[in-house]
$ cat input-v3.pdb   # PDB, C-alpha atoms, pLDDT in the B column
MODEL        1
ATOM      1  CA  MET S   1     -11.694   2.370  -5.726  1.00 50.00           C
ATOM      2  CA  ILE S   2     -10.372   0.520  -2.690  1.00 50.00           C
ATOM      3  CA  ASP S   3      -9.218   3.647  -0.910  1.00 51.00           C
ATOM      4  CA  TYR S   4     -12.318   5.709  -1.621  1.00 49.00           C
ATOM      5  CA  THR S   5     -14.990   3.128  -0.898  1.00 55.00           C
ATOM      6  CA  LEU S   6     -13.579   0.627   1.557  1.00 53.00           C
ATOM      7  CA  GLY S   7     -10.911   2.697   3.293  1.00 57.00           C
ATOM      8  CA  ILE S   8      -9.396   1.235   6.449  1.00 59.00           C
ATOM      9  CA  HIS S   9     -11.500  -1.749   7.416  1.00 65.00           C
ATOM     10  CA  LEU S  10     -11.269  -5.217   8.843  1.00 66.00           C
ATOM     11  CA  PHE S  11     -11.361  -8.190   6.526  1.00 67.00           C
ATOM     12  CA  ARG S  12     -14.415  -8.265   4.295  1.00 66.00           C
ATOM     13  CA  ALA S  13     -15.999 -11.329   2.825  1.00 68.00           C
ATOM     14  CA  GLU S  14     -19.104  -9.756   1.306  1.00 71.00           C
ATOM     15  CA  ASN S  15     -19.447  -6.906  -1.135  1.00 74.00           C
ATOM     16  CA  SER S  16     -23.213  -6.492  -1.465  1.00 78.00           C
ATOM     17  CA  SER S  17     -23.197  -3.357   0.699  1.00 78.00           C
ATOM     18  CA  LEU S  18     -20.678  -1.761  -1.654  1.00 76.00           C
ATOM     19  CA  ALA S  19     -22.787  -2.840  -4.635  1.00 80.00           C
ATOM     20  CA  GLY S  20     -25.808  -1.257  -2.926  1.00 81.00           C
ATOM     21  CA  GLN S  21     -23.913   2.013  -2.573  1.00 80.00           C
ATOM     22  CA  ILE S  22     -22.946   1.951  -6.247  1.00 81.00           C
ATOM     23  CA  ARG S  23     -26.533   1.130  -7.227  1.00 81.00           C
ATOM     24  CA  LYS S  24     -27.830   4.031  -5.158  1.00 82.00           C
ATOM     25  CA  ILE S  25     -25.354   6.430  -6.770  1.00 81.00           C
ATOM     26  CA  ILE S  26     -26.288   5.265 -10.262  1.00 80.00           C
ATOM     27  CA  LEU S  27     -29.998   5.612  -9.566  1.00 79.00           C
ATOM     28  CA  THR S  28     -29.781   9.046  -7.916  1.00 81.00           C
ATOM     29  CA  LYS S  29     -26.885  10.884  -9.577  1.00 79.00           C
ATOM     30  CA  ILE S  30     -27.620  10.207 -13.246  1.00 78.00           C
ATOM     31  CA  ASP S  31     -29.792  13.002 -14.619  1.00 77.00           C
ATOM     32  CA  ASP S  32     -30.679  14.595 -17.971  1.00 74.00           C
ATOM     33  CA  ASN S  33     -27.130  15.909 -18.443  1.00 75.00           C
ATOM     34  CA  SER S  34     -25.653  12.402 -18.322  1.00 75.00           C
ATOM     35  CA  SER S  35     -24.668  10.351 -21.359  1.00 80.00           C
ATOM     36  CA  MET S  36     -27.041   7.998 -23.118  1.00 80.00           C
ATOM     37  CA  GLU S  37     -25.025   4.981 -21.960  1.00 80.00           C
ATOM     38  CA  ALA S  38     -25.339   6.044 -18.331  1.00 78.00           C
ATOM     39  CA  LYS S  39     -29.079   6.563 -18.757  1.00 78.00           C
ATOM     40  CA  SER S  40     -29.470   3.113 -20.315  1.00 80.00           C
ATOM     41  CA  VAL S  41     -27.588   1.516 -17.405  1.00 79.00           C
ATOM     42  CA  GLN S  42     -29.835   3.380 -14.973  1.00 79.00           C
ATOM     43  CA  GLU S  43     -32.944   2.206 -16.831  1.00 79.00           C
ATOM     44  CA  LYS S  44     -31.786  -1.434 -16.817  1.00 78.00           C
ATOM     45  CA  LEU S  45     -31.071  -1.275 -13.083  1.00 80.00           C
ATOM     46  CA  ARG S  46     -34.559   0.084 -12.426  1.00 80.00           C
ATOM     47  CA  LYS S  47     -36.158  -2.686 -14.513  1.00 80.00           C
ATOM     48  CA  ASN S  48     -34.159  -5.554 -12.958  1.00 78.00           C
ATOM     49  CA  LYS S  49     -34.368  -4.720  -9.262  1.00 76.00           C
ATOM     50  CA  ASN S  50     -33.870  -8.328  -8.161  1.00 76.00           C
ATOM     51  CA  SER S  51     -30.667  -8.993 -10.081  1.00 78.00           C
ATOM     52  CA  SER S  52     -29.234  -5.470 -10.082  1.00 79.00           C
ATOM     53  CA  LEU S  53     -26.860  -6.069  -7.150  1.00 80.00           C
ATOM     54  CA  TYR S  54     -25.422  -9.170  -8.799  1.00 79.00           C
ATOM     55  CA  ALA S  55     -24.991  -7.285 -12.076  1.00 81.00           C
ATOM     56  CA  ILE S  56     -23.119  -4.492 -10.294  1.00 80.00           C
ATOM     57  CA  ILE S  57     -20.913  -6.967  -8.400  1.00 78.00           C
ATOM     58  CA  THR S  58     -19.883  -8.733 -11.602  1.00 79.00           C
ATOM     59  CA  SER S  59     -19.581  -5.681 -13.865  1.00 77.00           C
ATOM     60  CA  PHE S  60     -17.499  -3.646 -11.416  1.00 77.00           C
ATOM     61  CA  GLY S  61     -15.407  -6.655 -10.367  1.00 76.00           C
ATOM     62  CA  LEU S  62     -16.174  -6.135  -6.698  1.00 76.00           C
ATOM     63  CA  ALA S  63     -14.880  -9.593  -5.769  1.00 76.00           C
ATOM     64  CA  ASN S  64     -11.399  -8.554  -6.921  1.00 78.00           C
ATOM     65  CA  THR S  65     -11.782  -5.189  -5.205  1.00 76.00           C
ATOM     66  CA  THR S  66     -12.601  -6.893  -1.910  1.00 77.00           C
ATOM     67  CA  LEU S  67      -9.661  -9.268  -2.331  1.00 79.00           C
ATOM     68  CA  MET S  68      -7.265  -6.389  -3.042  1.00 78.00           C
ATOM     69  CA  ALA S  69      -8.584  -4.431  -0.046  1.00 77.00           C
ATOM     70  CA  ASN S  70      -7.990  -7.415   2.222  1.00 79.00           C
ATOM     71  CA  ILE S  71      -4.453  -7.846   0.848  1.00 82.00           C
ATOM     72  CA  GLU S  72      -3.817  -4.152   1.458  1.00 79.00           C
ATOM     73  CA  ILE S  73      -4.865  -4.516   5.114  1.00 82.00           C
ATOM     74  CA  VAL S  74      -2.566  -7.539   5.534  1.00 86.00           C
ATOM     75  CA  LEU S  75       0.336  -5.534   4.119  1.00 86.00           C
ATOM     76  CA  LEU S  76      -0.456  -2.629   6.440  1.00 84.00           C
ATOM     77  CA  VAL S  77      -0.530  -4.869   9.525  1.00 89.00           C
ATOM     78  CA  LEU S  78       2.708  -6.602   8.488  1.00 94.00           C
ATOM     79  CA  SER S  79       4.405  -3.254   7.943  1.00 95.00           C
ATOM     80  CA  ILE S  80       3.379  -2.018  11.378  1.00 95.00           C
ATOM     81  CA  LEU S  81       4.608  -5.217  13.036  1.00 97.00           C
ATOM     82  CA  ILE S  82       7.945  -5.032  11.219  1.00 97.00           C
ATOM     83  CA  ILE S  83       8.405  -1.421  12.299  1.00 97.00           C
ATOM     84  CA  ILE S  84       7.688  -2.320  15.927  1.00 97.00           C
ATOM     85  CA  PHE S  85      10.103  -5.270  15.943  1.00 97.00           C
ATOM     86  CA  VAL S  86      12.862  -3.303  14.221  1.00 94.00           C
ATOM     87  CA  GLY S  87      12.383  -0.476  16.716  1.00 95.00           C
ATOM     88  CA  ILE S  88      12.754  -2.854  19.670  1.00 97.00           C
ATOM     89  CA  PHE S  89      15.827  -4.468  18.145  1.00 95.00           C
ATOM     90  CA  ALA S  90      17.428  -1.095  17.360  1.00 88.00           C
ATOM     91  CA  TYR S  91      16.798   0.129  20.899  1.00 91.00           C
ATOM     92  CA  GLN S  92      18.494  -2.956  22.353  1.00 93.00           C
ATOM     93  CA  GLN S  93      21.488  -2.633  20.034  1.00 88.00           C
ATOM     94  CA  ILE S  94      21.935   1.074  20.795  1.00 86.00           C
ATOM     95  CA  LYS S  95      21.852   0.407  24.538  1.00 89.00           C
ATOM     96  CA  ARG S  96      24.513  -2.268  24.121  1.00 89.00           C
ATOM     97  CA  LEU S  97      26.725  -0.060  21.954  1.00 86.00           C
ATOM     98  CA  GLN S  98      26.501   2.887  24.362  1.00 86.00           C
ATOM     99  CA  GLU S  99      28.494   0.867  26.849  1.00 88.00           C
ATOM    100  CA  ILE S 100      31.324   0.343  24.345  1.00 89.00           C
ATOM    101  CA  VAL S 101      31.792   3.641  22.439  1.00 88.00           C
ATOM    102  CA  SER S 102      31.262   7.377  22.966  1.00 88.00           C
ATOM    103  CA  THR S 103      28.003   9.055  22.043  1.00 87.00           C
ATOM    104  CA  ARG S 104      29.494  10.892  19.053  1.00 90.00           C
ATOM    105  CA  ARG S 105      31.004   7.686  17.694  1.00 90.00           C
ATOM    106  CA  LEU S 106      27.698   5.857  18.278  1.00 89.00           C
ATOM    107  CA  ILE S 107      25.775   8.477  16.321  1.00 90.00           C
ATOM    108  CA  HIS S 108      28.350   8.232  13.521  1.00 92.00           C
ATOM    109  CA  MET S 109      27.973   4.444  13.392  1.00 90.00           C
ATOM    110  CA  VAL S 110      24.173   4.608  13.427  1.00 88.00           C
ATOM    111  CA  ALA S 111      24.219   7.195  10.628  1.00 93.00           C
ATOM    112  CA  ALA S 112      26.501   4.970   8.540  1.00 94.00           C
ATOM    113  CA  GLY S 113      24.142   2.053   9.093  1.00 92.00           C
ATOM    114  CA  GLY S 114      21.221   4.293   8.129  1.00 93.00           C
ATOM    115  CA  MET S 115      22.931   5.176   4.870  1.00 96.00           C
ATOM    116  CA  ARG S 116      23.486   1.496   4.035  1.00 96.00           C
ATOM    117  CA  ALA S 117      19.910   0.608   4.942  1.00 95.00           C
ATOM    118  CA  ALA S 118      18.585   3.488   2.847  1.00 96.00           C
ATOM    119  CA  ILE S 119      20.557   2.373  -0.207  1.00 97.00           C
ATOM    120  CA  CYS S 120      19.203  -1.155   0.203  1.00 96.00           C
ATOM    121  CA  MET S 121      15.649   0.193   0.550  1.00 94.00           C
ATOM    122  CA  ILE S 122      15.969   2.315  -2.576  1.00 96.00           C
ATOM    123  CA  VAL S 123      17.342  -0.533  -4.694  1.00 96.00           C
ATOM    124  CA  ILE S 124      15.117  -3.369  -3.454  1.00 94.00           C
ATOM    125  CA  PHE S 125      11.825  -1.499  -3.309  1.00 93.00           C
ATOM    126  CA  GLY S 126      12.605   0.348  -6.538  1.00 92.00           C
ATOM    127  CA  LEU S 127      13.034  -2.959  -8.343  1.00 91.00           C
ATOM    128  CA  LEU S 128       9.886  -4.400  -6.762  1.00 87.00           C
ATOM    129  CA  ALA S 129       7.875  -1.336  -7.785  1.00 87.00           C
ATOM    130  CA  PHE S 130       9.252  -1.565 -11.323  1.00 87.00           C
ATOM    131  CA  ILE S 131       8.269  -5.229 -11.883  1.00 83.00           C
ATOM    132  CA  PRO S 132       4.600  -4.552 -12.846  1.00 81.00           C
ATOM    133  CA  THR S 133       5.695  -2.090 -15.532  1.00 83.00           C
ATOM    134  CA  ILE S 134       8.060  -4.577 -17.197  1.00 83.00           C
ATOM    135  CA  PHE S 135       6.129  -7.851 -16.942  1.00 79.00           C
ATOM    136  CA  ASP S 136       2.500  -8.846 -17.317  1.00 76.00           C
ATOM    137  CA  VAL S 137       1.974  -9.751 -13.659  1.00 74.00           C
ATOM    138  CA  GLU S 138      -1.594 -11.001 -14.002  1.00 74.00           C
ATOM    139  CA  GLY S 139      -0.308 -14.339 -15.255  1.00 73.00           C
ATOM    140  CA  PHE S 140       1.969 -15.000 -12.281  1.00 73.00           C
ATOM    141  CA  ILE S 141       1.313 -18.123 -10.227  1.00 71.00           C
ATOM    142  CA  LEU S 142      -0.734 -18.076  -7.019  1.00 69.00           C
ATOM    143  CA  ASN S 143      -2.250 -14.675  -7.950  1.00 73.00           C
ATOM    144  CA  ILE S 144       0.958 -12.974  -6.858  1.00 76.00           C
ATOM    145  CA  GLY S 145       0.354 -10.520  -9.694  1.00 77.00           C
ATOM    146  CA  TYR S 146      -2.466  -8.892  -7.729  1.00 76.00           C
ATOM    147  CA  PHE S 147      -0.092  -8.535  -4.789  1.00 77.00           C
ATOM    148  CA  LEU S 148       2.550  -6.859  -6.959  1.00 78.00           C
ATOM    149  CA  GLU S 149       0.019  -4.499  -8.542  1.00 79.00           C
ATOM    150  CA  ILE S 150      -1.307  -3.395  -5.153  1.00 79.00           C
ATOM    151  CA  ALA S 151       2.072  -3.278  -3.483  1.00 80.00           C
ATOM    152  CA  SER S 152       3.794  -1.278  -6.233  1.00 83.00           C
ATOM    153  CA  GLY S 153       2.378   1.956  -4.830  1.00 84.00           C
ATOM    154  CA  ILE S 154       3.534   1.010  -1.354  1.00 87.00           C
ATOM    155  CA  PHE S 155       6.966   0.106  -2.734  1.00 89.00           C
ATOM    156  CA  LEU S 156       7.275   3.539  -4.357  1.00 90.00           C
ATOM    157  CA  GLU S 157       6.432   5.183  -1.039  1.00 91.00           C
ATOM    158  CA  LEU S 158       9.158   3.090   0.598  1.00 92.00           C
ATOM    159  CA  VAL S 159      11.636   4.301  -2.033  1.00 94.00           C
ATOM    160  CA  ILE S 160      10.798   7.870  -0.999  1.00 95.00           C
ATOM    161  CA  VAL S 161      11.294   6.911   2.648  1.00 95.00           C
ATOM    162  CA  GLY S 162      14.674   5.434   1.696  1.00 95.00           C
ATOM    163  CA  VAL S 163      15.741   8.657  -0.025  1.00 97.00           C
ATOM    164  CA  VAL S 164      14.736  10.754   2.997  1.00 97.00           C
ATOM    165  CA  LEU S 165      16.537   8.344   5.332  1.00 96.00           C
ATOM    166  CA  PHE S 166      19.653   8.503   3.148  1.00 97.00           C
ATOM    167  CA  VAL S 167      19.737  12.302   3.149  1.00 97.00           C
ATOM    168  CA  ILE S 168      19.229  12.546   6.918  1.00 96.00           C
ATOM    169  CA  SER S 169      21.809   9.831   7.609  1.00 96.00           C
ATOM    170  CA  THR S 170      24.352  11.406   5.277  1.00 96.00           C
ATOM    171  CA  ILE S 171      24.043  14.802   6.940  1.00 96.00           C
ATOM    172  CA  THR S 172      24.302  13.257  10.410  1.00 94.00           C
ATOM    173  CA  TRP S 173      27.242  11.086   9.360  1.00 94.00           C
ATOM    174  CA  GLN S 174      29.102  14.078   7.942  1.00 94.00           C
ATOM    175  CA  ILE S 175      28.481  16.192  11.061  1.00 93.00           C
ATOM    176  CA  THR S 176      29.755  13.497  13.444  1.00 91.00           C
ATOM    177  CA  SER S 177      32.801  12.487  11.406  1.00 87.00           C
ATOM    178  CA  ALA S 178      36.245  13.122  12.814  1.00 79.00           C
ATOM    179  CA  LYS S 179      37.689  16.403  11.583  1.00 68.00           C
TER
ENDMDL
END
$ encode --input "input-v3.pdb" --output "structure tokens"
Amino acid sequence: MIDYTLGIHLFRAENSSLAGQIRKIILTKIDDNSSMEAKSVQEKLRKNKNSSLYAIITSFGLANTTLMANIEIVLLVLSILIIIFVGIFAYQQIKRLQEIVSTRRLIHMVAAGGMRAAICMIVIFGLLAFIPTIFDVEGFILNIGYFLEIASGIFLELVIVGVVLFVISTITWQITSAK
């Protein structure tokens, strides 16, 4: 629901516009082919025009949806910042190492480091993605359960990135090894 309705956005504090969109869809898209339950919901929304937005906000849990969307944006911004800082650091380290070793040896060392980093990514993010399937995370303190539920999809994507990085690093490492 977050991805399809809110998409990429800045931080949101209100969800009445989203409730208005849902209300509009319920009032216009439910027709004679719809179920009796859907028709009864549509009828109740037409009767209670004043409180219909509040009913939609509470029944669809739009407060939690807005919170999860804001957490997702924070994670996206943090990920981008981490990538930028790691890129700057890696560039500085490679420049420093170029003065010490040959290019072939430098590529071999970077590939070996890539393999180690990929293994760490696979293990750490795999475990973090697996936590919500083992434990009931909704009861965790400080609502960290919502964070783990949202982030588990991102963690699985990072496991895939780790596998791709491992394969590329392994091939490069093997090519640049001493014969």
$ residues_around --input "input-v3.pdb" --residues "stretch 131-144 of chain S" --least-positions-apart "5" --cutoff "12 Å" --atoms "only C-alpha atoms" --output "ChimeraX atom specification"
/S:64,67-68,71,124-126,149-153,155-156
$ closest_residue --input "input-v3.pdb" --among "S:Leu78, S:Ser177, S:Ser17, S:Ile22" --to "S:Arg105" --atoms "all atoms listed in the file"
S:Ser177
$ closest_residue --input "input-v3.pdb" --among "S:Ile82, S:Phe166, S:Phe147, S:Gly87" --to "S:Arg116" --atoms "only C-alpha atoms"
S:Phe166
$ resolve_selection --input "input-v3.pdb" --expression "the PyMOL selection byres ((chain S and resi 62) around 10)" --output "number ranges by chain"
S: 1-2, 14-16, 18-19, 54, 56-61, 63-68
$ atom_distance --input "input-v3.pdb" --atom1 "atom CA of S:Ile83" --atom2 "atom CA of S:Thr172"
21.7 Å
$ build_atoms --input "input-v3.pdb" --residues "stretch 39-62 of chain S" --atoms "N, CA and C atoms" --output "compact mmCIF listing (two decimals), in the frame of the given file"
# COMPACT_ATOMS: atom_id res chain seq x y z
N LYS S 39 -27.62 6.62 -18.90
CA LYS S 39 -29.08 6.56 -18.76
C LYS S 39 -29.61 5.16 -19.04
N SER S 40 -29.01 4.47 -20.01
CA SER S 40 -29.47 3.11 -20.32
C SER S 40 -29.12 2.15 -19.18
N VAL S 41 -27.95 2.34 -18.56
CA VAL S 41 -27.59 1.52 -17.40
C VAL S 41 -28.56 1.78 -16.26
N GLN S 42 -28.89 3.03 -16.03
CA GLN S 42 -29.84 3.38 -14.97
C GLN S 42 -31.20 2.75 -15.24
N GLU S 43 -31.65 2.79 -16.48
CA GLU S 43 -32.94 2.21 -16.83
C GLU S 43 -32.95 0.69 -16.61
N LYS S 44 -31.86 0.01 -16.99
CA LYS S 44 -31.79 -1.43 -16.82
C LYS S 44 -31.76 -1.80 -15.33
N LEU S 45 -31.09 -1.00 -14.53
CA LEU S 45 -31.07 -1.27 -13.08
C LEU S 45 -32.45 -1.09 -12.47
N ARG S 46 -33.20 -0.12 -12.95
CA ARG S 46 -34.56 0.08 -12.43
C ARG S 46 -35.48 -1.06 -12.83
N LYS S 47 -35.31 -1.59 -14.05
CA LYS S 47 -36.16 -2.69 -14.51
C LYS S 47 -35.85 -3.99 -13.79
N ASN S 48 -34.59 -4.29 -13.57
CA ASN S 48 -34.16 -5.55 -12.96
C ASN S 48 -33.74 -5.32 -11.50
N LYS S 49 -34.69 -5.01 -10.66
CA LYS S 49 -34.37 -4.72 -9.26
C LYS S 49 -33.82 -5.94 -8.52
N ASN S 50 -34.30 -7.12 -8.87
CA ASN S 50 -33.87 -8.33 -8.16
C ASN S 50 -32.43 -8.72 -8.47
N SER S 51 -32.02 -8.57 -9.70
CA SER S 51 -30.67 -8.99 -10.08
C SER S 51 -29.69 -7.83 -10.24
N SER S 52 -30.10 -6.64 -9.85
CA SER S 52 -29.23 -5.47 -10.08
C SER S 52 -27.97 -5.52 -9.22
N LEU S 53 -28.06 -5.99 -7.99
CA LEU S 53 -26.86 -6.07 -7.15
C LEU S 53 -25.85 -7.05 -7.72
N TYR S 54 -26.33 -8.19 -8.20
CA TYR S 54 -25.42 -9.17 -8.80
C TYR S 54 -24.78 -8.60 -10.06
N ALA S 55 -25.54 -7.88 -10.86
CA ALA S 55 -24.99 -7.28 -12.08
C ALA S 55 -23.91 -6.26 -11.74
N ILE S 56 -24.12 -5.49 -10.70
CA ILE S 56 -23.12 -4.49 -10.29
C ILE S 56 -21.88 -5.19 -9.76
N ILE S 57 -22.06 -6.24 -8.95
CA ILE S 57 -20.91 -6.97 -8.40
C ILE S 57 -20.05 -7.54 -9.51
N THR S 58 -20.66 -8.13 -10.52
CA THR S 58 -19.88 -8.73 -11.60
C THR S 58 -19.31 -7.69 -12.56
N SER S 59 -20.07 -6.65 -12.88
CA SER S 59 -19.58 -5.68 -13.86
C SER S 59 -18.48 -4.78 -13.31
N PHE S 60 -18.54 -4.47 -12.02
CA PHE S 60 -17.50 -3.65 -11.42
C PHE S 60 -16.36 -4.49 -10.86
N GLY S 61 -16.47 -5.79 -10.88
CA GLY S 61 -15.41 -6.66 -10.37
C GLY S 61 -15.20 -6.47 -8.87
N LEU S 62 -16.28 -6.42 -8.13
CA LEU S 62 -16.17 -6.14 -6.70
C LEU S 62 -15.54 -7.28 -5.91
